[in-house]
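**Q** Below is a structure I'd like to ask you about.
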Amino acid sequence: MERPTPLSAHRLAVIIDSWDTGSGPAYRRLADRIRAAVMDGRIPTGTRLPSERTLAEATGLSRTTTARAYETLRETGLARTRHGSGTVVEVPLGAAGSTSMLGRPAGEDGLALTAAATEAPEGFARLVEHALRSLPAVLATDGYLPDGLPFLRERLAARFAAQGLPTDPEQIVVTTGAQSALSLLIAVLVRPGDRVMVESCGYPHAFDMLTRAGARLVPLPLGETPWPLDDVARIAPAVQTALIVADHHNPTGALMSSQDRRAVARTLSNAGVTTIVDETLRDVSIGGAPVPEPYAVHDPRAIVIGSAAKSLWGGLRIGWIRAPRSLVPRLVQERMLRDLGTAALDQLVVATALERGEIMPEGRAADLRRRRDALIAAVEDRLPDWRLSRPDGGLSVWATLPEAVSSALSIAAQEEGLTLTPGPRFFPTHPALGERHLRLPLVLPPERVEEAVSRLARAWARLGSGHALAPGDPDAVDLIA
Ligand SMILES: Cc1ncc(COP(=O)(O)O)c(C=O)c1O
């Protein structure tokens, strides 16, 4: 049987910080908080929760309250007490797909504003048909392609070159999505105890992978942009590695300016920091500002990750790495321990899309723009106190709430049949800072947005007033970090 991973009472208290919002008995509110953190992936299944006593000490709650909260988790099938192993989080089998931002809608008419991913765009089937015309070239290989389909590597290299980054196809490794690219790079580059600069807020699965690898996350605080230059300069000398999402940053949608690219790249490369630039959302431009030159133009040693998941379709599971030549053999060796290669037919589809200039198919930008505008209009109408970003790209709108209640709102929304990812999920080391935020992905077509936002507004109304707590105050948060 798998051994449970312990979670300290201190860490759990940070994860569920500001638990004491909303109404109802304290034990239920505590159980709701823990349940929300389990369902959005902050507390992975197989985690051993701290003892009732230590949690009571860390939160200032009574032992009876923590005991009843754990009992509630057990009753709802989210935890089990094993003899000798304490209370262990266990997600029921049918709910396993919803333990992350992939959160599936609850119930039959449930809606989810969780994953930043859409259904395949119109015309996708036609693209697959075109791809099949080149099938003989793929069938002539043995199908095991540890560095990628040559056809695709050539097209990716040509594309980088056209963007100002001369690239040899040998510098490209095709991966099973950007997720797998990140995981490979972390395995090869990051050692336990390494310090890694990350954006805060940022992409949570990257935080989870880095933490799992034993890295220590050093967050860039969220300023006017996710990359305040003074903080980059302060942190750079203290880290070995940096992870940056400069294009349509997830979750804020921010685009790093050309000037900032130059400045950040100079600071990090002068400090000898190995930089990973995640361009997963680069191609998802939906109108407005033109996307500046790739970050790596200013730091050619930066390692670039890309993906077809957001521009084309997540179901393809195609990503890639552009790395200095010297790193490629290590990456390929590492991936031989994992998946031996990426599905050849999926690679063919992406190669065909690139050949036809359809990595962001015609019509997709206009469709996403309609989704964005409908979402913003509905929220502005129903929730006029909220502040919203108006991103020029990416797959989500970033909301700033007038009160620090994102987790409580997500719990209330679930009751209304709407699954949300609470803001704290996007803040790696100080989750309570996320209580003022909510990511609203552009996943619903305009005709369904209205219903989702009515549910959101009903959940907001349920919270009533007077529930905001201190966590919006960064000083208070620092004390518990
Ligand atoms: C910044 C970022 N990196 C990586 C990924 C994972 O992408 P993929 O689906 O290609 O694995 C995502 C998905 O949302 C993302 O937003």
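For the structure tokens, the naming scheme is as follows: chains receive sequential letters (A, B, ...) according to their order of presentation, residues are indexed from 1 within each chain, and ligands are indexed from 1 in presentation order.
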I want to know what sits within 6 Å of stretch 194-206 of chain A, based on only C-alpha atoms, with residues of the same chain fewer than 2 positions away left out; could you give that as a ChimeraX atom specification?
**A** /A:191-192,208-209,215-222,239-243,250,426-427
**Q** Just C-alpha atoms for this one: save the residues we selected as a PDB file, in the first residue's frame.
**A**
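Once everything was written out, this is result_20.pdb:
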```pdb
ATOM      1  CA  ARG A 191      18.112  19.432  -7.299  1.00  0.00           C
ATOM      2  CA  PRO A 192      16.481  19.145  -3.874  1.00  0.00           C
ATOM      3  CA  ASP A 208       3.483  21.493  -7.335  1.00  0.00           C
ATOM      4  CA  MET A 209       6.077  19.841  -9.574  1.00  0.00           C
ATOM      5  CA  ALA A 215      12.894  22.924  -4.757  1.00  0.00           C
ATOM      6  CA  ARG A 216      12.379  25.964  -2.575  1.00  0.00           C
ATOM      7  CA  LEU A 217      10.103  28.458  -4.277  1.00  0.00           C
ATOM      8  CA  VAL A 218      11.116  32.103  -4.133  1.00  0.00           C
ATOM      9  CA  PRO A 219       8.082  34.109  -5.221  1.00  0.00           C
ATOM     10  CA  LEU A 220       8.102  37.353  -7.171  1.00  0.00           C
ATOM     11  CA  PRO A 221       5.376  39.392  -5.512  1.00  0.00           C
ATOM     12  CA  LEU A 222       2.514  40.526  -7.741  1.00  0.00           C
ATOM     13  CA  VAL A 239      18.307  31.492  -6.974  1.00  0.00           C
ATOM     14  CA  GLN A 240      19.706  28.861  -9.336  1.00  0.00           C
ATOM     15  CA  THR A 241      16.705  28.703 -11.645  1.00  0.00           C
ATOM     16  CA  ALA A 242      13.807  30.932 -12.721  1.00  0.00           C
ATOM     17  CA  LEU A 243      10.493  30.000 -14.310  1.00  0.00           C
ATOM     18  CA  ASN A 250      -1.471  32.448 -16.444  1.00  0.00           C
ATOM     19  CA  PHE A 426      -2.361  30.441  -7.734  1.00  0.00           C
ATOM     20  CA  PHE A 427      -0.173  31.780  -4.913  1.00  0.00           C
TER      21      PHE A 427
END
```
**Q** With only C-alpha atoms and all ligand atoms counted, collect every polymer residue having an atom within 10 Å of ligand 1; state the result as a PyMOL selection string.
**A** chain A and resi 101-102+115-117+175-183+202-206+243-251+277-282+305-311+313-320+394-396
**Q** What's around stretch 23-33 of chain A at 9 Å? Count only C-alpha atoms, leave out sequence neighbours fewer than 5 positions away in its own chain, and write the answer as a PyMOL selection string.
**A** chain A and resi 15-17+38+61+64-73+407-408+411+463+467
**Q** Store the residues picked out above, limited to N, CA and C atoms, as a PDB file, in the first residue's frame.
**A**
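Output (again-v1.pdb):
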```
ATOM      1  N   ILE A  15      -2.445  26.749   4.173  1.00  0.00           N
ATOM      2  CA  ILE A  15      -3.283  26.429   3.003  1.00  0.00           C
ATOM      3  C   ILE A  15      -4.732  26.875   3.224  1.00  0.00           C
ATOM      4  N   ILE A  16      -5.242  26.644   4.414  1.00  0.00           N
ATOM      5  CA  ILE A  16      -6.660  26.974   4.645  1.00  0.00           C
ATOM      6  C   ILE A  16      -6.806  28.293   5.375  1.00  0.00           C
ATOM      7  N   ASP A  17      -5.773  29.087   5.326  1.00  0.00           N
ATOM      8  CA  ASP A  17      -5.813  30.354   6.052  1.00  0.00           C
ATOM      9  C   ASP A  17      -7.078  31.104   5.672  1.00  0.00           C
ATOM     10  N   VAL A  38      -8.607  20.044  -1.139  1.00  0.00           N
ATOM     11  CA  VAL A  38      -8.402  18.701  -1.706  1.00  0.00           C
ATOM     12  C   VAL A  38      -8.898  18.689  -3.150  1.00  0.00           C
ATOM     13  N   LEU A  61      -8.155  26.614  17.177  1.00  0.00           N
ATOM     14  CA  LEU A  61      -9.499  26.043  17.309  1.00  0.00           C
ATOM     15  C   LEU A  61      -9.502  25.029  18.444  1.00  0.00           C
ATOM     16  N   THR A  64     -12.228  19.692  19.816  1.00  0.00           N
ATOM     17  CA  THR A  64     -13.531  19.138  19.403  1.00  0.00           C
ATOM     18  C   THR A  64     -13.844  19.573  17.972  1.00  0.00           C
ATOM     19  N   THR A  65     -13.521  20.838  17.651  1.00  0.00           N
ATOM     20  CA  THR A  65     -13.820  21.351  16.309  1.00  0.00           C
ATOM     21  C   THR A  65     -12.998  20.608  15.250  1.00  0.00           C
ATOM     22  N   THR A  66     -11.698  20.439  15.515  1.00  0.00           N
ATOM     23  CA  THR A  66     -10.877  19.767  14.498  1.00  0.00           C
ATOM     24  C   THR A  66     -11.309  18.301  14.364  1.00  0.00           C
ATOM     25  N   ALA A  67     -11.660  17.693  15.505  1.00  0.00           N
ATOM     26  CA  ALA A  67     -12.079  16.281  15.451  1.00  0.00           C
ATOM     27  C   ALA A  67     -13.373  16.149  14.642  1.00  0.00           C
ATOM     28  N   ARG A  68     -14.306  17.070  14.855  1.00  0.00           N
ATOM     29  CA  ARG A  68     -15.573  16.971  14.122  1.00  0.00           C
ATOM     30  C   ARG A  68     -15.360  17.276  12.639  1.00  0.00           C
ATOM     31  N   ALA A  69     -14.432  18.172  12.355  1.00  0.00           N
ATOM     32  CA  ALA A  69     -14.142  18.478  10.937  1.00  0.00           C
ATOM     33  C   ALA A  69     -13.600  17.227  10.249  1.00  0.00           C
ATOM     34  N   TYR A  70     -12.675  16.527  10.904  1.00  0.00           N
ATOM     35  CA  TYR A  70     -12.111  15.306  10.309  1.00  0.00           C
ATOM     36  C   TYR A  70     -13.207  14.247  10.143  1.00  0.00           C
ATOM     37  N   GLU A  71     -14.086  14.197  11.145  1.00  0.00           N
ATOM     38  CA  GLU A  71     -15.180  13.214  11.070  1.00  0.00           C
ATOM     39  C   GLU A  71     -16.055  13.521   9.838  1.00  0.00           C
ATOM     40  N   THR A  72     -16.309  14.815   9.616  1.00  0.00           N
ATOM     41  CA  THR A  72     -17.118  15.211   8.457  1.00  0.00           C
ATOM     42  C   THR A  72     -16.418  14.797   7.163  1.00  0.00           C
ATOM     43  N   LEU A  73     -15.102  14.985   7.117  1.00  0.00           N
ATOM     44  CA  LEU A  73     -14.361  14.588   5.902  1.00  0.00           C
ATOM     45  C   LEU A  73     -14.488  13.082   5.686  1.00  0.00           C
ATOM     46  N   SER A 407     -11.994  31.679  -1.280  1.00  0.00           N
ATOM     47  CA  SER A 407     -12.267  30.272  -0.924  1.00  0.00           C
ATOM     48  C   SER A 407     -13.716  30.095  -0.493  1.00  0.00           C
ATOM     49  N   ALA A 408     -14.190  31.026   0.345  1.00  0.00           N
ATOM     50  CA  ALA A 408     -15.581  30.926   0.808  1.00  0.00           C
ATOM     51  C   ALA A 408     -16.526  31.044  -0.382  1.00  0.00           C
ATOM     52  N   ILE A 411     -16.694  27.774  -2.261  1.00  0.00           N
ATOM     53  CA  ILE A 411     -17.519  26.784  -1.550  1.00  0.00           C
ATOM     54  C   ILE A 411     -19.008  27.105  -1.775  1.00  0.00           C
ATOM     55  N   LEU A 463     -22.823  34.870   0.538  1.00  0.00           N
ATOM     56  CA  LEU A 463     -21.781  35.141   1.527  1.00  0.00           C
ATOM     57  C   LEU A 463     -22.195  36.268   2.460  1.00  0.00           C
ATOM     58  N   HIS A 467     -17.731  39.343   6.103  1.00  0.00           N
ATOM     59  CA  HIS A 467     -16.982  38.100   6.225  1.00  0.00           C
ATOM     60  C   HIS A 467     -15.516  38.273   5.895  1.00  0.00           C
TER      61      HIS A 467
END
```
**Q** Which residues are near A:Ala58? Cut-off 7 Å, only C-alpha atoms, ignore same chain within fewer than 2 positions. Put them as an MDAnalysis selection string.
**A** chainID A and resid 9:10 13 54:56 60
**Q** Take atom CA of A:Leu210 and atom CA of A:Thr5 and report the distance between them in Å, one decimal.
**A** 16.1 Å
**Q** Skip A:Trp386 itself and residues of its chain fewer than 4 positions away, then list as number ranges by chain all residues within 9 Å of it, counting only C-alpha atoms.
**A** A: 379-380, 399-402
**Q** Include N, CA and C atoms and write out the residues we just selected as a tab-separated table (two decimals), in the first residue's frame.
**A**
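File out02.tsv, as written:
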```
chain	number	residue	atom	x	y	z
A	379	VAL	N	-20.16	39.85	-15.80
A	379	VAL	CA	-19.66	40.09	-14.44
A	379	VAL	C	-19.82	41.57	-14.09
A	380	GLU	N	-19.51	42.45	-15.04
A	380	GLU	CA	-19.65	43.88	-14.74
A	380	GLU	C	-21.10	44.22	-14.43
A	399	ALA	N	-9.92	38.26	-11.88
A	399	ALA	CA	-10.82	39.14	-11.13
A	399	ALA	C	-10.21	39.50	-9.79
A	400	THR	N	-10.36	40.76	-9.40
A	400	THR	CA	-9.98	41.19	-8.05
A	400	THR	C	-11.27	41.50	-7.30
A	401	LEU	N	-11.45	40.81	-6.18
A	401	LEU	CA	-12.70	40.93	-5.43
A	401	LEU	C	-12.58	42.07	-4.41
A	402	PRO	N	-13.71	42.67	-4.06
A	402	PRO	CA	-13.64	43.74	-3.07
A	402	PRO	C	-13.35	43.22	-1.66
```
**Q** Do you know which residues are at most 12 Å from stretch 258-268 of chain A counting only C-alpha atoms, after dropping those on the same chain fewer than 2 positions away, and could you put them as a ChimeraX atom specification?
**A** /A:196-197,225-247,255-256,270-277,289-302
**Q** Calculated over only C-alpha atoms, which of the candidates A:Pro150, A:Ala120, A:Arg53, A:Ala187 has the smallest distance to A:Leu337?
**A**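 Smallest separation from A:Leu337 among the options: A:Ala187.
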**Q** Just list as a list of chain:residue names whatever in stretch 314-383 of chain A DSSP marks as strand (DSSP E or B).
**A**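 In stretch 314-383 of chain A, DSSP puts these residues in strand (DSSP E or B): A:Gly319, A:Trp320, A:Ile321, A:Arg322.
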**Q** Take the residues just selected and output them with C-alpha atoms as a short mmCIF file (atom, residue, chain, number, x, y, z; two decimals), in the first residue's frame.
**A**
```
data_model
loop_
_atom_site.label_atom_id
_atom_site.label_comp_id
_atom_site.auth_asym_id
_atom_site.auth_seq_id
_atom_site.Cartn_x
_atom_site.Cartn_y
_atom_site.Cartn_z
CA GLY A 319 4.46 20.30 -26.30
CA TRP A 320 8.12 20.97 -26.96
CA ILE A 321 11.37 22.19 -25.50
CA ARG A 322 13.94 24.39 -27.25
#
```
**Q** Please list as an mmCIF file with N, CA and C atoms, in the first residue's frame every residue within 7 Å of A:Leu418, counting only C-alpha atoms and excluding residues in the same chain fewer than 5 positions away.
**A**
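Result written to out24.cif:
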```cif
data_model
loop_
_atom_site.group_PDB
_atom_site.id
_atom_site.type_symbol
_atom_site.label_atom_id
_atom_site.label_comp_id
_atom_site.auth_asym_id
_atom_site.auth_seq_id
_atom_site.Cartn_x
_atom_site.Cartn_y
_atom_site.Cartn_z
ATOM 1 N N PRO A 105 -17.597 19.783 -13.722
ATOM 2 C CA PRO A 105 -18.780 20.336 -13.091
ATOM 3 C C PRO A 105 -19.477 19.320 -12.214
ATOM 4 N N GLY A 110 -24.283 20.949 -13.751
ATOM 5 C CA GLY A 110 -23.189 21.719 -13.160
ATOM 6 C C GLY A 110 -22.367 22.429 -14.228
ATOM 7 N N LEU A 111 -21.811 23.568 -13.861
ATOM 8 C CA LEU A 111 -20.919 24.308 -14.750
ATOM 9 C C LEU A 111 -19.581 24.464 -14.046
ATOM 10 N N ALA A 112 -18.509 24.541 -14.826
ATOM 11 C CA ALA A 112 -17.189 24.708 -14.206
ATOM 12 C C ALA A 112 -16.452 25.874 -14.851
ATOM 13 N N ALA A 413 -20.243 28.710 -4.283
ATOM 14 C CA ALA A 413 -20.574 28.513 -5.694
ATOM 15 C C ALA A 413 -20.889 27.045 -5.978
ATOM 16 N N ALA A 452 -23.695 30.936 -15.910
ATOM 17 C CA ALA A 452 -22.577 30.746 -14.974
ATOM 18 C C ALA A 452 -22.424 31.976 -14.088
ATOM 19 N N ARG A 455 -25.017 32.231 -11.402
ATOM 20 C CA ARG A 455 -24.692 31.363 -10.263
ATOM 21 C C ARG A 455 -23.609 32.011 -9.408
#
```
**Q** Give me, as a ChimeraX atom specification, the residues of stretch 69-248 of chain A that a backbone DSSP run labels alpha helix (DSSP H).
**A** /A:69-75,124-132,135-139,150-162,177-189,204-212,229-235
**Q** Atom CA of A:Leu442 and atom CA of A:Arg369 are how many Å apart?
**A**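 So the two atoms, atom CA of A:Leu442 and atom CA of A:Arg369, lie 8.9 Å apart.
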